[in-house]
file my_file_30.csv (CSV, C-alpha atoms and all ligand atoms)
chain,number,residue,atom,x,y,z
M,1,MET,CA,109.4,107.6,91.4
M,2,ARG,CA,111.3,110.4,93.0
M,3,ASP,CA,113.0,109.8,96.3
M,4,PHE,CA,112.8,106.0,96.1
M,5,ASP,CA,116.1,104.3,96.7
M,6,TYR,CA,116.0,101.5,94.1
M,7,LYS,CA,117.8,98.4,95.2
M,8,LYS,CA,119.9,96.9,92.5
M,9,SER,CA,120.4,93.7,94.6
M,10,LEU,CA,116.6,93.1,94.3
M,11,GLY,CA,116.5,93.7,90.5
M,12,GLN,CA,114.5,96.9,90.9
M,13,ASN,CA,114.2,98.2,87.4
M,14,PHE,CA,110.6,99.5,87.1
M,15,LEU,CA,108.7,99.7,83.8
M,16,LYS,CA,107.7,103.1,82.5
M,17,ASP,CA,106.7,102.3,78.9
M,18,ASN,CA,102.9,101.9,78.5
M,19,ASN,CA,103.2,100.2,75.1
M,20,ILE,CA,105.3,97.4,76.7
M,21,ILE,CA,103.0,97.2,79.7
M,22,LYS,CA,100.0,96.6,77.2
M,23,LYS,CA,102.0,93.9,75.4
M,24,ILE,CA,102.6,92.0,78.7
M,25,VAL,CA,99.1,92.3,80.1
M,26,CYS,CA,96.8,90.9,77.5
M,27,THR,CA,93.1,90.6,78.1
M,28,PRO,CA,92.1,87.1,79.1
M,29,ASP,CA,88.9,85.3,78.1
M,30,LYS,CA,86.2,87.1,80.2
M,31,LYS,CA,83.9,84.1,80.1
M,32,ASN,CA,86.1,82.3,82.7
M,33,LYS,CA,87.3,83.2,86.2
M,34,ASN,CA,90.9,84.3,85.8
M,35,LEU,CA,93.3,84.3,88.6
M,36,VAL,CA,96.7,85.9,88.0
M,37,ILE,CA,99.9,85.8,90.1
M,38,GLU,CA,102.3,88.7,89.7
M,39,ILE,CA,105.9,88.2,91.1
M,40,GLY,CA,107.5,91.5,92.0
M,41,PRO,CA,104.8,94.2,91.5
M,42,GLY,CA,107.3,97.0,92.4
M,43,ALA,CA,105.4,100.3,92.1
M,44,GLY,CA,102.5,98.6,90.4
M,45,ALA,CA,103.1,99.5,86.7
M,46,LEU,CA,101.8,96.0,85.6
M,47,SER,CA,99.6,95.5,88.7
M,48,ILE,CA,97.2,98.3,87.8
M,49,GLU,CA,96.5,96.8,84.4
M,50,LEU,CA,96.1,93.3,86.0
M,51,VAL,CA,93.5,94.4,88.5
M,52,LYS,CA,91.5,96.0,85.7
M,53,ASN,CA,91.6,92.8,83.5
M,54,TYR,CA,91.6,89.8,85.8
M,55,ASP,CA,89.1,88.6,88.4
M,56,ARG,CA,91.7,88.4,91.0
M,57,VAL,CA,95.4,89.3,91.4
M,58,ILE,CA,97.9,87.8,93.9
M,59,MET,CA,101.2,89.6,94.2
M,60,TYR,CA,104.4,88.6,95.9
M,61,GLU,CA,106.7,91.5,96.7
M,62,ILE,CA,109.9,91.0,98.8
M,63,ASP,CA,110.4,94.8,99.5
M,64,ILE,CA,108.0,96.0,102.2
M,65,ARG,CA,109.0,99.6,101.5
M,66,LEU,CA,106.7,99.4,98.4
M,67,LYS,CA,103.6,98.8,100.6
M,68,SER,CA,102.1,102.3,100.7
M,69,ILE,CA,103.1,103.0,97.1
M,70,LEU,CA,101.3,99.9,95.9
M,71,GLU,CA,98.2,100.4,98.1
M,72,GLU,CA,97.8,104.0,96.8
M,73,LYS,CA,98.2,103.0,93.2
M,74,LEU,CA,95.6,100.2,93.6
M,75,SER,CA,93.2,102.1,95.9
M,76,ASP,CA,90.3,102.0,93.5
M,77,TYR,CA,90.3,98.2,93.4
M,78,GLU,CA,89.6,95.4,95.9
M,79,ASN,CA,90.3,92.3,93.8
M,80,TYR,CA,93.9,91.8,94.9
M,81,GLU,CA,96.1,90.6,97.6
M,82,ILE,CA,99.7,91.5,98.2
M,83,ILE,CA,101.9,89.1,100.0
M,84,PHE,CA,105.1,90.8,101.2
M,85,ASP,CA,107.5,87.9,101.2
M,86,ASP,CA,110.1,86.2,99.1
M,87,PHE,CA,108.2,84.3,96.3
M,88,LEU,CA,110.8,81.5,96.5
M,89,ASN,CA,109.9,80.7,100.1
M,90,ARG,CA,106.1,80.6,99.7
M,91,ASP,CA,103.8,77.6,99.5
M,92,VAL,CA,102.0,79.1,96.5
M,93,LEU,CA,99.4,76.3,96.2
M,94,LYS,CA,98.3,77.0,99.8
M,95,ASP,CA,98.2,80.8,99.1
M,96,ILE,CA,95.8,80.4,96.2
M,97,GLU,CA,93.6,77.5,97.6
M,98,LYS,CA,91.0,79.9,99.0
M,99,TYR,CA,90.3,81.3,95.5
M,100,GLU,CA,88.0,79.8,92.9
M,101,TYR,CA,89.3,80.0,89.3
M,102,ASP,CA,89.1,78.4,85.9
M,103,ASN,CA,92.4,79.7,84.6
M,104,LEU,CA,95.7,80.6,86.3
M,105,TYR,CA,98.2,82.9,84.8
M,106,ILE,CA,101.6,84.3,85.9
M,107,VAL,CA,102.6,87.7,84.7
M,108,ALA,CA,105.8,89.4,85.7
M,109,ASN,CA,108.7,91.6,85.0
M,110,LEU,CA,111.0,89.3,86.8
M,111,PRO,CA,113.9,90.3,89.0
M,112,TYR,CA,116.7,89.0,86.8
M,113,TYR,CA,119.0,87.7,89.6
M,114,VAL,CA,116.4,84.9,90.3
M,115,THR,CA,114.8,84.2,87.0
M,116,THR,CA,115.8,80.5,86.8
M,117,PRO,CA,115.1,79.7,90.5
M,118,ILE,CA,111.6,81.3,90.1
M,119,ILE,CA,110.8,79.3,86.9
M,120,MET,CA,112.1,76.1,88.5
M,121,LYS,CA,110.0,76.7,91.6
M,122,ILE,CA,106.8,77.2,89.4
M,123,ILE,CA,107.6,73.8,87.7
M,124,LYS,CA,108.5,71.9,90.8
M,125,ASP,CA,105.6,73.2,92.8
M,126,ASN,CA,103.3,71.9,90.0
M,127,LEU,CA,101.3,75.1,89.9
M,128,PRO,CA,98.3,74.5,87.6
M,129,ILE,CA,99.1,77.4,85.3
M,130,ASN,CA,97.8,77.9,81.8
M,131,GLU,CA,100.3,80.5,80.7
M,132,MET,CA,103.1,82.7,81.8
M,133,VAL,CA,104.0,86.0,80.2
M,134,ILE,CA,107.3,87.2,81.7
M,135,MET,CA,110.0,89.8,81.0
M,136,ILE,CA,113.5,88.5,81.4
M,137,GLN,CA,117.0,89.3,80.2
M,138,LYS,CA,117.2,89.1,76.4
M,139,GLU,CA,120.0,86.5,76.3
M,140,VAL,CA,118.0,84.2,78.6
M,141,ALA,CA,114.9,84.7,76.5
M,142,ASP,CA,116.8,83.8,73.4
M,143,ARG,CA,118.0,80.6,75.1
M,144,PHE,CA,114.5,79.6,76.4
M,145,SER,CA,112.8,80.2,73.0
M,146,SER,CA,115.5,78.8,70.7
M,147,THR,CA,115.0,76.0,68.3
M,148,PRO,CA,117.1,72.9,67.7
M,149,GLY,CA,120.2,73.7,65.7
M,150,SER,CA,120.6,77.3,66.9
M,151,LYS,CA,123.6,78.3,69.0
M,152,GLU,CA,121.4,79.3,72.0
M,153,TYR,CA,119.8,75.8,72.3
M,154,GLY,CA,120.8,73.9,75.4
M,155,GLN,CA,119.9,71.9,78.5
M,156,ILE,CA,117.5,74.5,79.9
M,157,THR,CA,115.7,74.9,76.5
M,158,VAL,CA,115.0,71.2,76.3
M,159,PHE,CA,113.9,71.1,79.9
M,160,LEU,CA,111.5,74.1,79.6
M,161,GLN,CA,110.2,73.1,76.2
M,162,TYR,CA,109.1,69.8,77.7
M,163,PHE,CA,106.5,71.7,79.7
M,164,PHE,CA,105.9,74.9,77.7
M,165,GLU,CA,105.5,76.2,74.2
M,166,ILE,CA,107.7,79.2,74.3
M,167,THR,CA,107.5,82.2,72.0
M,168,LYS,CA,109.1,85.6,72.1
M,169,VAL,CA,106.6,88.5,72.3
M,170,CYS,CA,109.0,91.4,71.8
M,171,ASN,CA,112.4,92.8,72.7
M,172,VAL,CA,112.5,95.7,75.1
M,173,SER,CA,114.9,98.6,75.1
M,174,LYS,CA,116.8,99.6,78.3
M,175,ASN,CA,115.1,103.0,78.0
M,176,SER,CA,111.8,101.5,79.0
M,177,PHE,CA,112.9,101.1,82.6
M,178,ILE,CA,113.8,103.3,85.5
M,179,PRO,CA,116.6,103.1,86.5
M,180,LYS,CA,118.0,101.9,83.2
M,181,PRO,CA,119.4,98.4,83.4
M,182,LYS,CA,122.7,97.3,81.9
M,183,VAL,CA,121.2,94.4,79.9
M,184,ASP,CA,118.6,94.2,77.2
M,185,SER,CA,115.3,92.5,77.9
M,186,SER,CA,112.6,90.5,76.1
M,187,VAL,CA,109.0,89.5,76.9
M,188,ILE,CA,108.3,85.8,76.3
M,189,ARG,CA,105.0,83.8,76.5
M,190,MET,CA,105.3,80.3,78.0
M,191,LYS,CA,102.1,78.4,77.2
M,192,LYS,CA,101.7,75.2,79.2
M,193,ARG,CA,101.4,72.2,76.8
M,194,ASP,CA,97.9,70.7,76.9
M,195,GLU,CA,99.3,67.3,77.4
M,196,LEU,CA,102.8,66.5,78.6
M,197,LEU,CA,104.6,63.6,76.9
M,198,TYR,CA,104.7,60.5,79.0
M,199,LEU,CA,107.9,60.1,81.0
M,200,LYS,CA,108.7,57.0,82.9
M,201,ASP,CA,111.1,58.7,85.2
M,202,PHE,CA,111.4,62.5,85.4
M,203,ASN,CA,114.6,62.6,87.4
M,204,TYR,CA,116.3,60.3,84.9
M,205,PHE,CA,115.2,62.5,82.0
M,206,GLU,CA,116.6,65.6,83.8
M,207,LYS,CA,120.0,63.8,84.3
M,208,LEU,CA,120.1,62.5,80.7
M,209,VAL,CA,119.5,66.0,79.3
M,210,ARG,CA,122.1,67.5,81.7
M,211,ASP,CA,124.7,64.9,80.6
M,212,SER,CA,123.8,65.3,76.9
M,213,PHE,CA,124.9,69.0,77.1
M,214,ARG,CA,127.9,68.3,79.4
M,215,PHE,CA,130.5,69.4,76.8
M,216,LYS,CA,129.3,71.9,74.2
M,217,ARG,CA,129.6,70.9,70.5
M,218,LYS,CA,130.7,67.3,71.3
M,219,THR,CA,128.8,64.4,69.8
M,220,ILE,CA,126.2,62.4,71.7
M,221,LYS,CA,128.6,59.5,71.7
M,222,ASN,CA,131.1,61.6,73.6
M,223,ASN,CA,128.7,63.2,76.1
M,224,LEU,CA,126.7,60.0,76.8
M,225,ASN,CA,129.5,57.4,76.8
M,226,ASP,CA,128.3,56.1,80.3
M,227,TYR,CA,124.9,55.2,78.8
M,228,ASP,CA,123.9,52.3,76.6
M,229,LEU,CA,124.9,53.8,73.2
M,230,ASN,CA,123.2,51.0,71.2
M,231,ILE,CA,119.8,51.8,72.6
M,232,ILE,CA,120.4,55.5,72.1
M,233,ASN,CA,121.5,54.9,68.5
M,234,SER,CA,118.4,52.9,67.7
M,235,VAL,CA,116.1,55.6,69.0
M,236,LEU,CA,118.0,58.3,67.1
M,237,SER,CA,117.9,56.4,63.9
M,238,LYS,CA,114.1,56.6,63.9
M,239,TYR,CA,114.4,60.4,63.7
M,240,GLY,CA,117.3,60.4,61.1
M,241,TYR,CA,120.1,61.0,63.6
M,242,SER,CA,122.9,58.9,65.1
M,243,ILE,CA,125.2,59.0,68.1
M,244,ASN,CA,127.5,61.1,66.0
M,245,SER,CA,124.9,63.9,65.9
M,246,ARG,CA,125.0,66.6,68.6
M,247,SER,CA,122.5,67.2,71.3
M,248,GLU,CA,122.0,70.8,70.1
M,249,GLU,CA,120.2,69.2,67.0
M,250,LEU,CA,117.6,67.2,68.9
M,251,SER,CA,114.1,68.4,69.9
M,252,TYR,CA,112.8,67.7,73.4
M,253,ASN,CA,110.5,64.8,72.3
M,254,ILE,CA,113.6,62.9,71.1
M,255,PHE,CA,115.2,63.2,74.6
M,256,VAL,CA,111.9,61.9,76.1
M,257,ASP,CA,111.9,58.9,73.8
M,258,ILE,CA,115.6,58.1,74.6
M,259,SER,CA,114.9,58.5,78.3
M,260,ASN,CA,111.9,56.1,78.3
M,261,GLU,CA,113.8,53.5,76.2
M,262,LEU,CA,116.8,53.6,78.5
M,263,CYS,CA,114.6,53.4,81.6
M,264,SER,CA,112.9,50.2,80.4
M,265,LYS,CA,116.2,48.3,80.4
O,1,LIG,N1,106.6,94.8,88.2
O,1,LIG,C1,107.4,96.1,88.4
O,1,LIG,C2,107.5,96.8,87.1
O,1,LIG,O1,107.4,96.1,86.1
O,1,LIG,O2,107.7,98.0,87.1
O,1,LIG,C3,108.7,95.8,89.1
O,1,LIG,C4,109.6,94.8,88.4
O,1,LIG,S1,111.3,94.7,89.1
O,1,LIG,C5,112.2,94.2,87.7
O,1,LIG,C6,111.3,93.3,90.1
O,1,LIG,C7,110.5,93.4,91.4
O,1,LIG,O3,110.6,92.1,92.1
O,1,LIG,C8,111.0,94.4,92.4
O,1,LIG,O4,109.9,95.1,92.9
O,1,LIG,C9,111.7,93.6,93.5
O,1,LIG,O5,111.6,94.2,94.8
O,1,LIG,C10,110.8,92.3,93.5
O,1,LIG,N2,111.5,91.1,94.0
O,1,LIG,C11,112.9,90.8,93.9
O,1,LIG,N3,113.1,89.6,94.4
O,1,LIG,C12,111.9,89.1,94.7
O,1,LIG,C13,111.5,87.8,95.3
O,1,LIG,N4,112.4,86.9,95.6
O,1,LIG,N5,110.2,87.6,95.6
O,1,LIG,C14,109.3,88.6,95.4
O,1,LIG,N6,109.6,89.8,94.8
O,1,LIG,C15,110.9,90.0,94.5
call {"tool": "encode", "arguments": {"input": "my_file_30.csv", "output": "structure tokens", "more": "lines below"}}
Ligand code: SAM
result
Amino acid sequence: MRDFDYKKSLGQNFLKDNNIIKKIVCTPDKKNKNLVIEIGPGAGALSIELVKNYDRVIMYEIDIRLKSILEEKLSDYENYEIIFDDFLNRDVLKDIEKYEYDNLYIVANLPYYVTTPIIMKIIKDNLPINEMVIMIQKEVADRFSSTPGSKEYGQITVFLQYFFEITKVCNVSKNSFIPKPKVDSSVIRMKKRDELLYLKDFNYFEKLVRDSFRFKRKTIKNNLNDYDLNIINSVLSKYGYSINSRSEELSYNIFVDISNELCSK
């Protein structure tokens, strides 16, 4: 886009690679009514494919300067709404209540400076989504999609994997964007789990996971010495671990089990 003054502070790196755009926007099951939310449509590189493939598209764009560019790009379509506002400040459930849908998706090339706040908002707002396909910074994608035992595995991995099955779709070169960003990117798919494991107290689970990763590479005994280590040890032994194991080795369901056991005492 010639003459557009890209704002680095808003994470404005626009996609220009059609192959990547096709990997992000997959065709949903047409038998259902599909509603998709796009966060940060920019100049509409993804949006144009979304309006072609989904029944309805709701976009949130913070930068009002993109209004005429987006409206021109989408001028052949009517199945969309653009909300020019900060996604983080919106009551999204209220915004979508007027639409009828069977499936709700989120598709976005996210502004990297607010990746985690945006994902946290989606979780805390309890949006009834089926799946998110998002482009994020590669290091962050590696952390989100990592498995127990790998060096990227941490607090945020456990927390997100409680809600989602996370897989990497592809890595994306810096050359796929204009302007070229400093960091590499990846596309990940976050599929909402059909049934979430029962948790007695969600806030307790959050704190337990946070404390478990307080000091990297320390044992559970060291990180959780304020908790009842006998209870923790008896849960861990069911899975072949002990309080001398490290939190990095444990899958999210083990933290759920520990949290529920500690809560009942
Ligand atoms: N989707 C476009 C693409 O792939 O070419 C643009 C992606 S660009 C990485 C991120 C977009 O998010 C920019 O258009 C930026 O203005 C917008 N944005 C940044 N912060 C936002 C926020 N808090 N709420 C809504 N949009 C935001």
call {"tool": "atom_distance", "arguments": {"input": "my_file_30.csv", "atom1": "atom O1 of ligand LIG 1 (chain O)", "atom2": "atom CA of Lys151 of chain M"}}
result
29.5 Å
call {"tool": "residues_around", "arguments": {"input": "my_file_30.csv", "residues": "Asp29 of chain M", "least_positions_apart": "4", "cutoff": "12 Å", "atoms": "only C-alpha atoms", "output": "short mmCIF file (atom, residue, chain, number, x, y, z; two decimals) with C-alpha atoms, keeping the file's coordinate frame"}}
result
data_model
loop_
_atom_site.label_atom_id
_atom_site.label_comp_id
_atom_site.auth_asym_id
_atom_site.auth_seq_id
_atom_site.Cartn_x
_atom_site.Cartn_y
_atom_site.Cartn_z
CA LYS M 33 87.30 83.20 86.20
CA ASN M 34 90.90 84.30 85.80
CA LEU M 35 93.30 84.30 88.60
CA ASN M 53 91.60 92.80 83.50
CA TYR M 54 91.60 89.80 85.80
CA ASP M 55 89.10 88.60 88.40
CA ASP M 102 89.10 78.40 85.90
CA ASN M 103 92.40 79.70 84.60
CA LEU M 104 95.70 80.60 86.30
CA TYR M 105 98.20 82.90 84.80
#
call {"tool": "closest_residue", "arguments": {"input": "my_file_30.csv", "among": "M:Phe205, M:Phe4, M:Tyr80, M:Phe87", "to": "Val57 of chain M", "atoms": "only C-alpha atoms"}}
result
M:Tyr80
call {"tool": "closest_residue", "arguments": {"input": "my_file_30.csv", "among": "M:Lys207, M:Lys192, M:Lys16, M:Lys238", "to": "Ile123 of chain M", "atoms": "all atoms listed in the file"}}
result
M:Lys192
call {"tool": "residues_near_point", "arguments": {"input": "my_file_30.csv", "point": "(98.5, 91.2, 87.2)", "cutoff": "10 Å", "atoms": "all atoms listed in the file", "output": "number ranges by chain"}}
result
M: 24-26, 35-39, 41, 44-59, 80, 105-108
call {"tool": "write_last_selection", "arguments": {"input": "my_file_30.csv", "atoms": "C-alpha atoms", "output": "CSV table (one decimal), in the frame of the given file"}}
result
chain,number,residue,atom,x,y,z
M,24,ILE,CA,102.6,92.0,78.7
M,25,VAL,CA,99.1,92.3,80.1
M,26,CYS,CA,96.8,90.9,77.5
M,35,LEU,CA,93.3,84.3,88.6
M,36,VAL,CA,96.7,85.9,88.0
M,37,ILE,CA,99.9,85.8,90.1
M,38,GLU,CA,102.3,88.7,89.7
M,39,ILE,CA,105.9,88.2,91.1
M,41,PRO,CA,104.8,94.2,91.5
M,44,GLY,CA,102.5,98.6,90.4
M,45,ALA,CA,103.1,99.5,86.7
M,46,LEU,CA,101.8,96.0,85.6
M,47,SER,CA,99.6,95.5,88.7
M,48,ILE,CA,97.2,98.3,87.8
M,49,GLU,CA,96.5,96.8,84.4
M,50,LEU,CA,96.1,93.3,86.0
M,51,VAL,CA,93.5,94.4,88.5
M,52,LYS,CA,91.5,96.0,85.7
M,53,ASN,CA,91.6,92.8,83.5
M,54,TYR,CA,91.6,89.8,85.8
M,55,ASP,CA,89.1,88.6,88.4
M,56,ARG,CA,91.7,88.4,91.0
M,57,VAL,CA,95.4,89.3,91.4
M,58,ILE,CA,97.9,87.8,93.9
M,59,MET,CA,101.2,89.6,94.2
M,80,TYR,CA,93.9,91.8,94.9
M,105,TYR,CA,98.2,82.9,84.8
M,106,ILE,CA,101.6,84.3,85.9
M,107,VAL,CA,102.6,87.7,84.7
M,108,ALA,CA,105.8,89.4,85.7
call {"tool": "closest_residue", "arguments": {"input": "my_file_30.csv", "among": "M:Ile156, M:Thr147, M:Val183, M:Asn79", "to": "ligand LIG 1 (chain O)", "atoms": "all atoms listed in the file"}}
result
M:Val183
call {"tool": "closest_residue", "arguments": {"input": "my_file_30.csv", "among": "M:Asp95, M:Glu249, M:Glu81, M:Glu131", "to": "Ser146 of chain M", "atoms": "only C-alpha atoms"}}
result
M:Glu249
call {"tool": "closest_residue", "arguments": {"input": "my_file_30.csv", "among": "M:Val133, M:Ile231, M:Ile220, M:Leu74", "to": "Met190 of chain M", "atoms": "all atoms listed in the file"}}
result
M:Val133
call {"tool": "residues_near_ligand", "arguments": {"input": "my_file_30.csv", "ligand": "ligand LIG 1 (chain O)", "cutoff": "8 Å", "atoms": "all atoms listed in the file", "output": "ChimeraX atom specification"}}
result
/M:7,10-16,21,38-47,60-63,66,84-88,108-114,118,177
call {"tool": "atom_distance", "arguments": {"input": "my_file_30.csv", "atom1": "atom CA of Ser186 of chain M", "atom2": "atom CA of Asn89 of chain M"}}
result
26.1 Å
call {"tool": "closest_residue", "arguments": {"input": "my_file_30.csv", "among": "M:Asp211, M:Asp201, M:Asp228, M:Glu248", "to": "Asn260 of chain M", "atoms": "only C-alpha atoms"}}
result
M:Asp201
call {"tool": "atom_distance", "arguments": {"input": "my_file_30.csv", "atom1": "atom CA of Met135 of chain M", "atom2": "atom CA of Asp194 of chain M"}}
result
23.0 Å
call {"tool": "residues_around", "arguments": {"input": "my_file_30.csv", "residues": "Phe215 of chain M", "least_positions_apart": "4", "cutoff": "12 Å", "atoms": "only C-alpha atoms", "output": "list in words"}}
result
Gly154, Gln155, Val209, Arg210, Asp211, Thr219, Ile220, Lys221, Asn222, Asn223, Leu224, Arg246, Ser247 and Glu248 of chain M
call {"tool": "build_atoms", "arguments": {"input": "my_file_30.csv", "residues": "segment 32-59 of chain M", "atoms": "N, CA and C atoms", "output": "PDB file, in the frame of the given file"}}
result
ATOM      1  N   ASN M  32      85.630  83.167  81.569  1.00  0.00           N
ATOM      2  CA  ASN M  32      86.100  82.300  82.700  1.00  0.00           C
ATOM      3  C   ASN M  32      86.568  83.195  83.842  1.00  0.00           C
ATOM      4  N   LYS M  33      86.744  82.505  84.991  1.00  0.00           N
ATOM      5  CA  LYS M  33      87.300  83.200  86.200  1.00  0.00           C
ATOM      6  C   LYS M  33      88.795  83.130  86.091  1.00  0.00           C
ATOM      7  N   ASN M  34      89.417  84.275  85.985  1.00  0.00           N
ATOM      8  CA  ASN M  34      90.900  84.300  85.800  1.00  0.00           C
ATOM      9  C   ASN M  34      91.610  84.810  86.982  1.00  0.00           C
ATOM     10  N   LEU M  35      92.498  83.960  87.463  1.00  0.00           N
ATOM     11  CA  LEU M  35      93.300  84.300  88.600  1.00  0.00           C
ATOM     12  C   LEU M  35      94.758  84.547  88.043  1.00  0.00           C
ATOM     13  N   VAL M  36      95.376  85.650  88.464  1.00  0.00           N
ATOM     14  CA  VAL M  36      96.700  85.900  88.000  1.00  0.00           C
ATOM     15  C   VAL M  36      97.675  86.144  89.154  1.00  0.00           C
ATOM     16  N   ILE M  37      98.874  85.576  89.039  1.00  0.00           N
ATOM     17  CA  ILE M  37      99.900  85.800  90.100  1.00  0.00           C
ATOM     18  C   ILE M  37     100.935  86.748  89.439  1.00  0.00           C
ATOM     19  N   GLU M  38     101.248  87.812  90.178  1.00  0.00           N
ATOM     20  CA  GLU M  38     102.300  88.700  89.700  1.00  0.00           C
ATOM     21  C   GLU M  38     103.501  88.564  90.712  1.00  0.00           C
ATOM     22  N   ILE M  39     104.680  88.283  90.190  1.00  0.00           N
ATOM     23  CA  ILE M  39     105.900  88.200  91.100  1.00  0.00           C
ATOM     24  C   ILE M  39     106.624  89.513  90.929  1.00  0.00           C
ATOM     25  N   GLY M  40     106.779  90.204  92.031  1.00  0.00           N
ATOM     26  CA  GLY M  40     107.500  91.500  92.000  1.00  0.00           C
ATOM     27  C   GLY M  40     106.734  92.624  91.426  1.00  0.00           C
ATOM     28  N   PRO M  41     105.638  93.078  92.060  1.00  0.00           N
ATOM     29  CA  PRO M  41     104.800  94.200  91.500  1.00  0.00           C
ATOM     30  C   PRO M  41     105.569  95.535  91.496  1.00  0.00           C
ATOM     31  N   GLY M  42     106.583  95.688  92.321  1.00  0.00           N
ATOM     32  CA  GLY M  42     107.300  97.000  92.400  1.00  0.00           C
ATOM     33  C   GLY M  42     106.413  98.101  92.738  1.00  0.00           C
ATOM     34  N   ALA M  43     106.320  99.114  91.840  1.00  0.00           N
ATOM     35  CA  ALA M  43     105.400 100.300  92.100  1.00  0.00           C
ATOM     36  C   ALA M  43     104.091 100.097  91.443  1.00  0.00           C
ATOM     37  N   GLY M  44     103.830  98.921  90.860  1.00  0.00           N
ATOM     38  CA  GLY M  44     102.500  98.600  90.400  1.00  0.00           C
ATOM     39  C   GLY M  44     102.233  98.924  88.897  1.00  0.00           C
ATOM     40  N   ALA M  45     103.279  99.113  88.100  1.00  0.00           N
ATOM     41  CA  ALA M  45     103.100  99.500  86.700  1.00  0.00           C
ATOM     42  C   ALA M  45     102.259  98.401  85.941  1.00  0.00           C
ATOM     43  N   LEU M  46     102.533  97.127  86.225  1.00  0.00           N
ATOM     44  CA  LEU M  46     101.800  96.000  85.600  1.00  0.00           C
ATOM     45  C   LEU M  46     100.507  95.755  86.424  1.00  0.00           C
ATOM     46  N   SER M  47     100.647  95.854  87.750  1.00  0.00           N
ATOM     47  CA  SER M  47      99.600  95.500  88.700  1.00  0.00           C
ATOM     48  C   SER M  47      98.267  96.220  88.376  1.00  0.00           C
ATOM     49  N   ILE M  48      98.382  97.512  88.066  1.00  0.00           N
ATOM     50  CA  ILE M  48      97.200  98.300  87.800  1.00  0.00           C
ATOM     51  C   ILE M  48      96.405  97.804  86.617  1.00  0.00           C
ATOM     52  N   GLU M  49      97.139  97.346  85.601  1.00  0.00           N
ATOM     53  CA  GLU M  49      96.500  96.800  84.400  1.00  0.00           C
ATOM     54  C   GLU M  49      95.911  95.387  84.746  1.00  0.00           C
ATOM     55  N   LEU M  50      96.604  94.670  85.610  1.00  0.00           N
ATOM     56  CA  LEU M  50      96.100  93.300  86.000  1.00  0.00           C
ATOM     57  C   LEU M  50      94.827  93.390  86.753  1.00  0.00           C
ATOM     58  N   VAL M  51      94.723  94.309  87.730  1.00  0.00           N
ATOM     59  CA  VAL M  51      93.500  94.400  88.500  1.00  0.00           C
ATOM     60  C   VAL M  51      92.298  94.804  87.636  1.00  0.00           C
ATOM     61  N   LYS M  52      92.582  95.547  86.567  1.00  0.00           N
ATOM     62  CA  LYS M  52      91.500  96.000  85.700  1.00  0.00           C
ATOM     63  C   LYS M  52      91.018  94.803  84.797  1.00  0.00           C
ATOM     64  N   ASN M  53      91.911  93.868  84.469  1.00  0.00           N
ATOM     65  CA  ASN M  53      91.600  92.800  83.500  1.00  0.00           C
ATOM     66  C   ASN M  53      91.338  91.436  83.992  1.00  0.00           C
ATOM     67  N   TYR M  54      91.755  91.167  85.225  1.00  0.00           N
ATOM     68  CA  TYR M  54      91.600  89.800  85.800  1.00  0.00           C
ATOM     69  C   TYR M  54      90.647  89.827  86.959  1.00  0.00           C
ATOM     70  N   ASP M  55      90.031  88.688  87.232  1.00  0.00           N
ATOM     71  CA  ASP M  55      89.100  88.600  88.400  1.00  0.00           C
ATOM     72  C   ASP M  55      89.798  88.840  89.681  1.00  0.00           C
ATOM     73  N   ARG M  56      90.985  88.216  89.786  1.00  0.00           N
ATOM     74  CA  ARG M  56      91.700  88.400  91.000  1.00  0.00           C
ATOM     75  C   ARG M  56      93.233  88.342  90.756  1.00  0.00           C
ATOM     76  N   VAL M  57      93.965  89.161  91.532  1.00  0.00           N
ATOM     77  CA  VAL M  57      95.400  89.300  91.400  1.00  0.00           C
ATOM     78  C   VAL M  57      96.090  88.980  92.706  1.00  0.00           C
ATOM     79  N   ILE M  58      97.054  88.059  92.699  1.00  0.00           N
ATOM     80  CA  ILE M  58      97.900  87.800  93.900  1.00  0.00           C
ATOM     81  C   ILE M  58      99.272  88.249  93.591  1.00  0.00           C
ATOM     82  N   MET M  59      99.810  89.120  94.418  1.00  0.00           N
ATOM     83  CA  MET M  59     101.200  89.600  94.200  1.00  0.00           C
ATOM     84  C   MET M  59     102.105  89.199  95.274  1.00  0.00           C
TER      85      MET M  59
END
